[in-house]
$ cat coords19.cif   # mmCIF, C-alpha atoms
data_my_file
#
loop_
_atom_site.label_atom_id
_atom_site.label_comp_id
_atom_site.auth_asym_id
_atom_site.auth_seq_id
_atom_site.Cartn_x
_atom_site.Cartn_y
_atom_site.Cartn_z
CA MET A 80 -17.19 2.96 41.84
CA ALA A 81 -19.03 5.47 39.69
CA VAL A 82 -16.66 5.14 36.76
CA PRO A 83 -17.06 1.39 36.16
CA ARG A 84 -20.89 1.74 36.32
CA ARG A 85 -20.78 4.61 33.85
CA TYR A 86 -18.76 2.61 31.32
CA SER A 87 -20.23 -0.84 31.93
CA GLY A 88 -21.71 -0.87 28.42
CA SER A 89 -18.37 -0.19 26.75
CA ARG A 90 -17.19 -3.79 27.00
CA PHE A 91 -20.35 -4.98 25.31
CA ALA A 92 -19.87 -2.40 22.53
CA LEU A 93 -16.26 -3.45 22.08
CA ALA A 94 -17.21 -7.13 21.96
CA LEU A 95 -19.82 -6.38 19.32
CA LEU A 96 -17.34 -4.41 17.21
CA ILE A 97 -14.70 -7.13 17.52
CA LEU A 98 -17.24 -9.74 16.47
CA THR A 99 -18.26 -7.61 13.47
CA SER A 100 -14.63 -7.08 12.46
CA VAL A 101 -13.75 -10.76 12.71
CA THR A 102 -16.83 -11.65 10.68
CA LEU A 103 -15.88 -9.14 7.98
CA ILE A 104 -12.29 -10.40 7.89
CA SER A 105 -13.45 -13.99 7.61
CA LEU A 106 -15.99 -13.27 4.86
CA ASP A 107 -13.59 -11.07 2.89
CA ALA A 108 -10.81 -13.65 3.08
CA ARG A 109 -13.24 -16.19 1.56
CA GLY A 110 -14.08 -13.79 -1.26
CA TYR A 111 -17.70 -13.31 -0.17
CA ALA A 112 -19.16 -11.06 -2.89
CA PRO A 113 -21.30 -8.72 -0.72
CA VAL A 114 -18.23 -7.77 1.33
CA SER A 115 -16.27 -7.01 -1.86
CA ASN A 116 -19.22 -4.94 -3.03
CA LEU A 117 -19.28 -3.09 0.29
CA ARG A 118 -15.62 -2.19 -0.24
CA LYS A 119 -16.29 -1.03 -3.79
CA ALA A 120 -19.35 0.98 -2.69
CA GLY A 121 -17.30 2.70 0.00
CA ILE A 122 -14.67 3.68 -2.55
CA VAL A 123 -17.29 4.97 -4.99
CA ILE A 124 -18.98 7.11 -2.31
CA VAL A 125 -15.71 8.72 -1.23
CA GLN A 126 -14.36 9.10 -4.79
CA PRO A 127 -15.77 12.62 -5.54
CA PHE A 128 -14.24 13.95 -2.31
CA ARG A 129 -11.00 12.15 -3.09
CA SER A 130 -10.82 13.66 -6.58
CA LEU A 131 -11.26 17.11 -5.07
CA ALA A 132 -8.63 16.37 -2.43
CA HIS A 133 -6.27 15.15 -5.14
CA ILE A 134 -6.52 18.49 -6.92
CA VAL A 135 -5.94 20.40 -3.68
CA PHE A 136 -3.18 18.28 -2.15
CA SER A 137 -1.20 16.95 -5.10
CA PRO A 138 0.82 20.19 -5.58
CA VAL A 139 1.87 19.98 -1.91
CA GLY A 140 2.85 16.33 -2.35
CA ASP A 141 4.80 17.16 -5.50
CA ILE A 142 6.73 19.91 -3.73
CA TRP A 143 7.52 17.54 -0.87
CA GLU A 144 8.75 14.86 -3.28
CA SER A 145 10.88 17.32 -5.20
CA PHE A 146 12.58 18.33 -1.94
CA SER A 147 12.91 14.87 -0.47
CA ASN A 148 14.01 13.20 -3.72
CA GLY A 149 16.18 16.04 -4.98
CA ASP A 150 19.49 14.20 -4.57
CA GLU A 151 18.07 11.01 -5.99
CA LEU A 152 16.73 12.83 -9.04
CA GLU A 153 20.10 14.47 -9.60
CA ARG A 154 21.85 11.09 -9.46
CA GLU A 155 19.24 9.60 -11.76
CA ASN A 156 19.65 12.49 -14.17
CA THR A 157 23.43 12.02 -14.29
CA LEU A 158 23.01 8.30 -14.85
CA LEU A 159 20.48 8.87 -17.62
CA ARG A 160 22.76 11.38 -19.36
CA ARG A 161 25.60 8.85 -19.30
CA GLN A 162 23.33 6.11 -20.60
CA LEU A 163 22.08 8.41 -23.36
CA ASP A 164 25.65 9.13 -24.44
CA GLU A 165 26.42 5.42 -24.52
CA LEU A 166 23.27 4.68 -26.47
CA LEU A 167 24.03 7.35 -29.05
CA SER A 168 27.54 5.96 -29.45
CA TYR A 169 26.32 2.44 -30.07
CA ARG A 170 23.22 3.31 -32.05
CA ILE A 171 24.66 2.53 -35.46
CA ALA A 172 26.18 -0.73 -34.28
CA ASN A 173 22.88 -1.83 -32.84
CA GLU A 174 20.60 -0.82 -35.67
CA GLY A 175 20.25 -4.45 -36.67
CA ALA A 176 19.38 -5.56 -33.11
CA VAL A 177 15.67 -4.92 -33.52
CA ASN A 178 15.54 -7.20 -36.53
CA ASP A 179 17.63 -9.78 -34.66
CA LEU A 180 15.27 -9.64 -31.69
CA GLU A 181 12.22 -10.00 -33.90
CA ALA A 182 13.81 -12.98 -35.62
CA LEU A 183 14.62 -14.48 -32.23
CA ARG A 184 11.06 -13.99 -30.99
CA THR A 185 9.74 -15.64 -34.14
CA GLN A 186 12.18 -18.49 -33.68
CA LEU A 187 11.07 -19.00 -30.09
CA GLY A 188 7.43 -18.67 -31.03
CA LEU A 189 6.91 -15.70 -28.69
CA GLN A 190 4.05 -13.26 -29.14
CA GLY A 191 4.41 -9.52 -29.07
CA LEU A 192 1.84 -7.03 -27.85
CA GLY A 193 0.41 -6.91 -31.35
CA GLY A 194 -2.12 -9.64 -30.75
CA GLN A 195 -3.48 -8.20 -27.52
CA GLU A 196 -5.80 -5.31 -26.88
CA THR A 197 -4.50 -2.80 -24.37
CA VAL A 198 -5.81 0.03 -22.23
CA VAL A 199 -3.66 2.95 -21.17
CA ALA A 200 -4.39 4.10 -17.60
CA GLU A 201 -3.17 6.97 -15.47
CA VAL A 202 -1.43 6.15 -12.21
CA THR A 203 -3.47 8.00 -9.61
CA ALA A 204 -1.65 6.97 -6.45
CA GLY A 205 1.07 4.79 -5.07
CA SER A 206 0.71 2.70 -1.96
CA VAL A 207 -1.46 4.24 0.76
CA SER A 208 -0.16 1.90 3.45
CA ASN A 209 3.05 1.63 5.42
CA PHE A 210 3.01 -2.14 5.19
CA ASP A 211 2.27 -2.82 1.54
CA PRO A 212 4.49 -0.74 -0.76
CA TYR A 213 3.96 -3.06 -3.73
CA VAL A 214 0.82 -1.50 -5.17
CA LEU A 215 -0.24 1.28 -7.52
CA GLU A 216 -3.68 2.65 -8.16
CA ILE A 217 -4.85 3.39 -11.68
CA ASN A 218 -7.90 5.22 -13.02
CA LYS A 219 -9.36 2.47 -15.21
CA GLY A 220 -11.47 -0.47 -14.12
CA THR A 221 -13.98 -3.05 -15.27
CA GLN A 222 -15.79 -0.40 -17.29
CA SER A 223 -12.73 -0.33 -19.58
CA GLY A 224 -12.57 -4.11 -19.87
CA ILE A 225 -10.02 -4.61 -17.12
CA ARG A 226 -10.32 -7.85 -15.14
CA GLU A 227 -8.60 -9.47 -12.19
CA GLY A 228 -5.09 -10.73 -12.96
CA MET A 229 -4.49 -8.89 -16.23
CA PRO A 230 -0.84 -8.01 -16.87
CA VAL A 231 0.32 -4.41 -16.55
CA ILE A 232 3.33 -3.09 -18.43
CA SER A 233 5.27 0.15 -18.58
CA THR A 234 8.23 1.27 -20.65
CA GLY A 235 10.56 -1.70 -20.73
CA GLY A 236 8.31 -4.54 -19.71
CA LEU A 237 5.99 -6.20 -17.23
CA ILE A 238 5.54 -4.43 -13.90
CA GLY A 239 2.57 -6.14 -12.30
CA ARG A 240 -0.93 -7.48 -12.52
CA ILE A 241 -4.41 -6.18 -11.81
CA GLU A 242 -5.84 -6.86 -8.39
CA ASN A 243 -9.35 -6.11 -7.19
CA PRO A 244 -10.59 -3.98 -10.11
CA GLY A 245 -13.40 -1.54 -9.44
CA LEU A 246 -15.72 0.06 -11.94
CA ARG A 247 -13.46 3.00 -12.72
CA ASP A 248 -10.25 2.18 -10.87
CA SER A 249 -7.98 -0.74 -10.14
CA ARG A 250 -5.07 -1.75 -8.01
CA VAL A 251 -1.85 -3.01 -9.59
CA ARG A 252 0.19 -5.58 -7.64
CA LEU A 253 3.85 -4.99 -8.55
CA ILE A 254 6.19 -7.85 -9.45
CA THR A 255 8.61 -6.77 -6.72
CA ASP A 256 6.12 -8.11 -4.13
CA PRO A 257 7.73 -11.13 -2.42
CA THR A 258 4.43 -13.02 -2.77
CA VAL A 259 4.43 -12.70 -6.57
CA ASN A 260 5.83 -15.59 -8.66
CA ILE A 261 6.25 -15.47 -12.43
CA GLY A 262 7.28 -18.25 -14.77
CA VAL A 263 10.12 -16.87 -16.90
CA LEU A 264 12.15 -17.98 -19.87
CA ALA A 265 15.71 -16.85 -20.52
CA ILE A 266 15.89 -15.41 -24.03
CA GLY A 267 18.17 -17.43 -26.30
CA THR A 268 17.83 -20.57 -24.19
CA LYS A 269 15.10 -22.98 -23.28
CA GLU A 270 15.69 -22.51 -19.56
CA ILE A 271 12.58 -21.83 -17.53
CA GLY A 272 12.51 -20.73 -13.88
CA ILE A 273 10.28 -19.10 -11.31
CA LEU A 274 10.98 -15.43 -10.68
CA THR A 275 10.05 -14.13 -7.22
CA GLY A 276 9.82 -10.56 -5.98
CA ASN A 277 12.25 -9.62 -3.25
CA GLY A 278 11.04 -6.29 -1.89
CA VAL A 279 11.39 -2.62 -2.74
CA ASP A 280 14.72 -1.67 -4.37
CA GLN A 281 15.91 -5.27 -4.10
CA PRO A 282 16.67 -7.40 -7.16
CA MET A 283 14.15 -10.14 -7.86
CA ARG A 284 15.35 -13.74 -7.69
CA VAL A 285 15.14 -16.94 -9.68
CA ILE A 286 16.04 -19.61 -7.15
CA ASP A 287 14.98 -22.83 -8.84
CA GLY A 288 14.94 -24.17 -12.32
CA ILE A 289 18.15 -22.94 -13.94
CA PRO A 290 20.81 -25.70 -14.20
CA ILE A 291 24.35 -24.67 -13.32
CA GLY A 292 25.55 -25.35 -16.85
CA ALA A 293 22.78 -23.34 -18.55
CA PRO A 294 23.95 -20.49 -20.77
CA VAL A 295 22.23 -17.84 -18.66
CA GLU A 296 24.66 -15.08 -17.78
CA VAL A 297 24.71 -11.51 -16.51
CA GLY A 298 22.80 -9.43 -19.03
CA SER A 299 20.47 -12.23 -20.11
CA ILE A 300 16.90 -11.05 -20.60
CA LEU A 301 14.05 -12.95 -18.97
CA VAL A 302 10.57 -12.95 -20.49
CA THR A 303 7.29 -14.44 -19.33
CA SER A 304 7.12 -18.11 -20.25
CA GLY A 305 3.36 -18.25 -20.68
CA LEU A 306 3.45 -21.92 -19.77
CA ASP A 307 0.94 -23.97 -17.82
CA ARG A 308 -1.64 -21.83 -16.07
CA SER A 309 0.49 -18.69 -16.18
CA PRO A 310 -1.64 -15.57 -15.87
CA TYR A 311 0.72 -13.77 -18.24
CA PRO A 312 0.99 -14.16 -22.00
CA GLU A 313 4.35 -15.37 -23.22
CA GLY A 314 7.14 -13.11 -24.33
CA PHE A 315 6.81 -10.03 -22.09
CA ALA A 316 10.18 -8.74 -20.92
CA VAL A 317 10.35 -9.01 -17.12
CA GLY A 318 13.95 -8.39 -16.12
CA SER A 319 17.62 -8.64 -16.91
CA VAL A 320 20.06 -10.78 -14.96
CA VAL A 321 22.46 -8.66 -12.89
CA GLU A 322 24.15 -11.41 -10.91
CA VAL A 323 24.52 -15.17 -11.16
CA VAL A 324 25.15 -17.13 -7.95
CA PRO A 325 26.11 -20.76 -8.54
CA ASP A 326 24.63 -23.31 -6.13
CA GLU A 327 27.16 -26.15 -6.21
CA VAL A 328 25.05 -28.33 -3.92
CA ASN A 329 21.87 -28.38 -6.02
CA LEU A 330 23.77 -27.85 -9.29
CA GLU A 331 21.62 -24.83 -10.10
CA LYS A 332 22.13 -21.15 -10.64
CA GLU A 333 20.44 -18.48 -8.56
CA LEU A 334 19.75 -15.40 -10.63
CA LEU A 335 19.39 -11.88 -9.31
CA VAL A 336 17.23 -9.91 -11.70
CA GLU A 337 16.50 -6.21 -12.14
CA PRO A 338 13.07 -5.43 -13.60
CA THR A 339 13.22 -4.02 -17.11
CA GLY A 340 9.91 -2.22 -16.66
CA GLU A 341 10.05 1.32 -15.29
CA MET A 342 8.39 1.42 -11.85
CA ASP A 343 9.43 4.76 -10.39
CA ASN A 344 7.63 8.05 -10.97
CA LEU A 345 5.11 6.45 -13.28
CA ASP A 346 2.37 8.61 -14.77
CA PHE A 347 0.83 6.06 -17.13
CA VAL A 348 0.82 2.29 -17.50
CA THR A 349 -0.65 -0.08 -20.06
CA VAL A 350 -3.01 -2.87 -19.10
CA VAL A 351 -2.96 -5.82 -21.48
CA LEU A 352 -6.50 -7.13 -21.82
CA TYR A 353 -5.36 -10.73 -21.63
CA GLN A 354 -6.93 -13.53 -19.71
CA PRO A 355 -5.49 -17.02 -19.59
CA PRO A 356 -7.57 -19.55 -21.57
CA ASP A 357 -8.98 -21.21 -18.44
CA MET A 358 -10.15 -17.83 -17.03
CA GLU A 359 -11.97 -16.62 -20.15
CA MET B 870 -25.78 12.72 19.66
CA GLY B 871 -26.69 13.32 16.01
CA VAL B 872 -24.49 16.40 15.79
CA ALA B 873 -21.55 14.51 17.28
CA VAL B 874 -21.98 11.73 14.71
CA ILE B 875 -22.00 14.22 11.83
CA LYS B 876 -18.98 16.07 13.23
CA ASN B 877 -17.10 12.80 13.68
CA GLY B 878 -17.98 11.79 10.12
CA ILE B 879 -16.61 15.06 8.79
CA VAL B 880 -13.39 14.71 10.77
CA LEU B 881 -12.88 11.09 9.69
CA LEU B 882 -13.51 11.90 6.03
CA PHE B 883 -11.07 14.80 6.20
CA LEU B 884 -8.39 12.65 7.84
CA LEU B 885 -8.98 9.84 5.34
CA LEU B 886 -8.48 12.26 2.44
CA LEU B 887 -5.35 13.65 4.06
CA GLN B 888 -4.02 10.12 4.55
CA LEU B 889 -4.75 9.03 0.97
CA GLU B 890 -3.93 12.15 -0.99
CA LEU B 891 -1.37 14.08 1.02
CA PHE B 892 0.53 11.98 3.50
CA SER B 893 0.84 8.93 1.24
CA SER B 894 3.34 11.03 -0.71
CA MET B 895 4.71 13.04 2.25
CA ARG B 896 6.82 10.27 3.71
CA PHE B 897 9.86 10.32 5.96
CA PHE B 898 12.26 7.56 4.92
CA GLY B 899 9.39 5.92 3.06
CA VAL B 900 7.09 5.94 6.11
CA MET B 901 3.88 7.90 6.48
CA PRO B 902 1.84 8.83 9.57
CA GLU B 903 -1.22 6.86 10.66
CA LEU B 904 -3.83 9.60 10.86
CA LEU B 905 -6.84 7.32 11.16
CA LEU B 906 -5.27 5.39 14.00
CA ALA B 907 -4.60 8.77 15.60
CA SER B 908 -8.26 9.66 15.21
CA ALA B 909 -9.26 6.51 17.12
CA ILE B 910 -6.84 7.45 19.88
CA ALA B 911 -8.11 11.01 20.13
CA ALA B 912 -11.71 9.77 20.05
CA GLY B 913 -10.98 7.50 23.01
CA TRP B 914 -9.48 10.47 24.78
CA TYR B 915 -12.42 12.83 24.30
CA GLY B 916 -15.32 10.41 24.00
CA GLY B 917 -14.42 7.60 26.39
CA PRO B 918 -14.07 3.88 25.70
CA THR B 919 -17.35 3.31 23.85
CA SER B 920 -16.93 6.28 21.52
CA GLY B 921 -13.25 5.44 21.09
CA ALA B 922 -14.14 1.91 20.00
CA ILE B 923 -16.92 3.06 17.64
CA VAL B 924 -14.89 5.85 16.04
CA GLY B 925 -11.88 3.51 15.85
CA PHE B 926 -13.97 0.84 14.13
CA SER B 927 -15.38 3.39 11.66
CA SER B 928 -12.02 4.98 10.83
CA GLY B 929 -10.40 1.58 10.45
CA LEU B 930 -13.18 0.43 8.14
CA PHE B 931 -12.80 3.59 6.01
CA TYR B 932 -9.10 2.88 5.69
CA ASP B 933 -9.70 -0.81 4.98
CA PHE B 934 -11.60 0.11 1.82
CA TYR B 935 -8.31 1.21 0.26
CA LEU B 936 -5.96 -1.51 1.42
CA ALA B 937 -5.22 -4.97 0.11
CA THR B 938 -5.58 -6.48 3.58
CA PRO B 939 -8.94 -8.09 4.43
CA LEU B 940 -11.79 -5.71 5.17
CA GLY B 941 -12.07 -5.35 8.94
CA LEU B 942 -8.41 -5.79 9.92
CA ASN B 943 -7.81 -2.11 10.59
CA ALA B 944 -11.33 -1.75 12.00
CA LEU B 945 -10.57 -4.46 14.56
CA THR B 946 -7.24 -2.92 15.53
CA TYR B 947 -8.43 0.67 15.75
CA ALA B 948 -11.55 -0.28 17.74
CA ILE B 949 -9.38 -1.97 20.37
CA VAL B 950 -6.91 0.93 20.50
CA GLY B 951 -9.74 3.48 20.76
CA TYR B 952 -11.31 1.49 23.58
CA LEU B 953 -8.01 1.16 25.47
CA LEU B 954 -7.31 4.87 25.16
CA GLY B 955 -10.81 5.58 26.39
CA GLN B 956 -10.21 3.42 29.45
CA ILE B 957 -6.91 5.15 30.16
CA ALA B 958 -8.37 8.62 29.58
CA VAL B 959 -11.14 8.02 32.11
CA PHE B 960 -8.54 7.81 34.84
CA LEU B 961 -6.51 10.82 33.68
CA SER B 962 -7.19 14.34 34.82
CA ASP B 963 -8.54 16.92 32.40
CA GLU B 964 -5.59 19.00 33.53
CA ALA B 965 -3.10 16.42 32.27
CA GLU B 966 -0.37 18.30 30.44
CA TRP B 967 -0.18 18.17 26.65
CA ILE B 968 3.14 16.36 26.88
CA ILE B 969 1.43 13.53 28.76
CA ARG B 970 -1.41 13.38 26.24
CA ILE B 971 1.01 13.27 23.32
CA THR B 972 3.27 10.70 24.98
CA ILE B 973 0.32 8.41 25.66
CA SER B 974 -0.99 8.97 22.14
CA VAL B 975 2.37 8.14 20.52
CA SER B 976 2.63 4.99 22.64
CA ALA B 977 -0.88 4.06 21.54
CA VAL B 978 0.11 4.45 17.87
CA THR B 979 2.99 2.03 18.48
CA VAL B 980 0.67 -0.42 20.20
CA GLY B 981 -1.82 -0.06 17.33
CA LEU B 982 0.79 -0.84 14.69
CA VAL B 983 2.03 -3.87 16.63
CA LEU B 984 -1.55 -5.10 17.06
CA PHE B 985 -2.29 -4.60 13.36
CA VAL B 986 0.72 -6.63 12.28
CA THR B 987 0.05 -9.28 14.93
CA PHE B 988 -3.56 -9.75 13.80
CA GLY B 989 -2.37 -9.76 10.18
CA GLU B 990 0.16 -12.47 10.93
CA LEU B 991 -2.48 -14.51 12.73
CA ILE B 992 -4.55 -14.65 9.54
CA ALA B 993 -1.40 -15.30 7.46
CA GLU B 994 -1.58 -11.96 5.67
CA PRO B 995 1.64 -11.49 3.66
CA ASN B 996 3.91 -8.41 3.64
CA LEU B 997 2.93 -7.05 7.07
CA TYR B 998 5.86 -8.23 9.16
CA ASN B 999 8.99 -7.52 7.17
CA GLN B 1000 12.53 -6.21 7.55
CA ASN B 1001 11.24 -2.63 7.69
CA PHE B 1002 8.88 -3.24 10.58
CA GLY B 1003 11.11 -1.62 13.21
CA LYS B 1004 11.68 1.44 11.04
CA ILE B 1005 7.95 1.77 10.33
CA LEU B 1006 7.15 1.42 14.01
CA VAL B 1007 9.52 4.16 15.17
CA ILE B 1008 9.12 6.67 12.36
CA SER B 1009 5.37 6.30 11.97
CA SER B 1010 4.80 6.68 15.72
CA LEU B 1011 6.91 9.83 15.90
CA TYR B 1012 5.51 11.27 12.67
CA THR B 1013 1.96 10.65 13.89
CA GLY B 1014 2.93 12.18 17.24
CA LEU B 1015 3.88 15.40 15.43
CA LEU B 1016 0.37 15.58 14.02
CA MET B 1017 -1.40 14.61 17.23
CA VAL B 1018 -2.08 18.14 18.45
CA PRO B 1019 -4.25 19.17 15.45
CA ILE B 1020 -5.98 15.78 15.53
CA HIS B 1021 -6.73 16.27 19.24
CA PHE B 1022 -8.23 19.67 18.36
CA MET B 1023 -10.39 18.14 15.61
CA MET B 1024 -11.68 15.36 17.85
CA ALA B 1025 -12.30 17.79 20.71
CA TRP B 1026 -14.46 19.78 18.30
CA ALA B 1027 -16.24 16.62 17.13
CA PHE B 1028 -17.11 15.64 20.71
CA GLY B 1029 -18.02 19.17 21.74
CA ALA B 1030 -15.21 19.38 24.30
CA SER B 1031 -14.58 22.98 23.42
CA ARG B 1032 -13.92 24.52 26.85
CA VAL B 1033 -10.17 25.03 26.96
CA THR B 1034 -8.52 24.56 30.35
CA PRO B 1035 -4.98 25.81 31.07
CA ALA B 1036 -3.64 22.41 30.06
CA GLY B 1037 -6.07 21.38 27.35
CA PHE B 1038 -9.72 20.60 26.68
CA ASP B 1039 -12.35 19.73 29.22
CA ARG B 1040 -13.37 16.35 27.86
CA GLY B 1041 -16.65 16.24 29.69
CA LEU B 1042 -16.03 12.65 30.81
CA ARG B 1043 -16.65 13.39 34.47
#
$ encode --input "coords19.cif" --output "structure tokens"
Amino acid sequence: MAVPRRYSGSRFALALLILTSVTLISLDARGYAPVSNLRKAGIVIVQPFRSLAHIVFSPVGDIWESFSNGDELERENTLLRRQLDELLSYRIANEGAVNDLEALRTQLGLQGLGGQETVVAEVTAGSVSNFDPYVLEINKGTQSGIREGMPVISTGGLIGRIENPGLRDSRVRLITDPTVNIGVLAIGTKEIGILTGNGVDQPMRVIDGIPIGAPVEVGSILVTSGLDRSPYPEGFAVGSVVEVVPDEVNLEKELLVEPTGEMDNLDFVTVVLYQPPDME
Amino acid sequence: MGVAVIKNGIVLLFLLLLQLELFSSMRFFGVMPELLLASAIAAGWYGGPTSGAIVGFSSGLFYDFYLATPLGLNALTYAIVGYLLGQIAVFLSDEAEWIIRITISVSAVTVGLVLFVTFGELIAEPNLYNQNFGKILVISSLYTGLLMVPIHFMMAWAFGASRVTPAGFDRGLR
């Protein structure tokens, strides 16, 4: 019976640690500021070591990615070459498209980026968890004017929003996250729907809001609607429709949407310093 | 006691940096190993249930700083896993073969991941249980298992269990 006597205090220690953990979880879930500050302090303390580790380990990670993604990069390269050829072929025909788009935006009363201040940030890491692949880390935070919920864009359009900004770094929640909903407007129509993320490498979906007779087809571009209490300003390209699934029962269309914003192999992103009127 | 705390701190910091800066990009089929969970397991092995729980809580809390899940979720999971491994280790011989240690450790990683997702679901945390859960469970457990030997060595050093027996370290638990 020596062993149980020797470890009799371990149950008490475990109970204490469980109680502490549950308390932390509860307080953090309620947004209790000291717990958020504890998290931020922890990150700040480790940051110098992490920066050093980044310098040491990133070449190894890059080599690994070049080996593991070699085939994918080759396919992507071939696809890009083909797209470049097509673009060059149609360049002359489409020279007027920019003017057309600008006219359309004016007609719809959509804003461009011109009216918003932006901050360019470097992507320092992708997800560091097995269970949450929908995040990026960037190297700018509240010190650069970044605040919770601000939209983040890359080449092509909206890719996410700021979550839990620190002093010098922030997390970006990607729009492919199934918990993210965005009010969108189909360009050239007045149809508004709710776009929902659908997971990594899966097209996003607009399930409700688009009537079956609406002129929204494959290739239609969806932009942020900016309506109601939307955290996004209006007029940011979000995705293009790749498939339309008619729902004869509800007389609506389900849209499958590919993001227009580049999300893979990102080095830099742009944070739009926009806050909805009720958050300013 | 003080030396052991410092050594454990060094090991945990090193594993945290490896997790964040190296293995987050060195993924198999999109899945990475769970080094900090492994540290809790190895701490239970070499330090017993109390040390396993404390090191597990600390490593989980370190990891929680960088995740979108509520602070304390990993700490809770890892503390329990570290404690359980400590309880199991008390009844295992110091001469237990490495294959047994690694098998138990890999099983503990699986249990830890299941516990983490279960606790997450209980507090309605999104994204934890998804269509990739099975894949994550299998690949992460095996991937972590591959790295268990060096982590066992690090934790053995941290707990001062440096006398090597034919099968492994003398943990000093008896």
$ atom_distance --input "coords19.cif" --atom1 "atom CA of Gly205 of chain A" --atom2 "atom CA of Glu341 of chain A"
14.0 Å
$ closest_residue --input "coords19.cif" --among "A:Thr268, A:Asn243, A:Thr255, A:Thr203" --to "Glu890 of chain B" --atoms "all atoms listed in the file"
A:Thr203
$ closest_residue --input "coords19.cif" --among "A:Ser223, A:Ser304, A:Gln195, A:Thr157" --to "Asn260 of chain A" --atoms "all atoms listed in the file"
A:Ser304
$ resolve_selection --input "coords19.cif" --expression "the PyMOL selection byres ((chain B) within 7 of (chain A))" --output "JSON list (two decimals) with C-alpha atoms, in the frame of the given file"
[["chain", "number", "residue", "atom", "x", "y", "z"],
["B", 886, "LEU", "CA", -8.48, 12.26, 2.44],
["B", 889, "LEU", "CA", -4.75, 9.03, 0.97],
["B", 890, "GLU", "CA", -3.93, 12.15, -0.99],
["B", 891, "LEU", "CA", -1.37, 14.08, 1.02],
["B", 893, "SER", "CA", 0.84, 8.93, 1.24],
["B", 894, "SER", "CA", 3.34, 11.03, -0.71],
["B", 895, "MET", "CA", 4.71, 13.04, 2.25],
["B", 900, "VAL", "CA", 7.09, 5.94, 6.11],
["B", 901, "MET", "CA", 3.88, 7.90, 6.48],
["B", 918, "PRO", "CA", -14.07, 3.88, 25.70],
["B", 919, "THR", "CA", -17.35, 3.31, 23.85],
["B", 922, "ALA", "CA", -14.14, 1.91, 20.00],
["B", 926, "PHE", "CA", -13.97, 0.84, 14.13],
["B", 934, "PHE", "CA", -11.60, 0.11, 1.82],
["B", 939, "PRO", "CA", -8.94, -8.09, 4.43],
["B", 940, "LEU", "CA", -11.79, -5.71, 5.17],
["B", 941, "GLY", "CA", -12.07, -5.35, 8.94],
["B", 942, "LEU", "CA", -8.41, -5.79, 9.92],
["B", 944, "ALA", "CA", -11.33, -1.75, 12.00],
["B", 945, "LEU", "CA", -10.57, -4.46, 14.56],
["B", 996, "ASN", "CA", 3.91, -8.41, 3.64],
["B", 997, "LEU", "CA", 2.93, -7.05, 7.07],
["B", 1005, "ILE", "CA", 7.95, 1.77, 10.33]]
$ atom_distance --input "coords19.cif" --atom1 "atom CA of Gly925 of chain B" --atom2 "atom CA of Ser976 of chain B"
16.1 Å
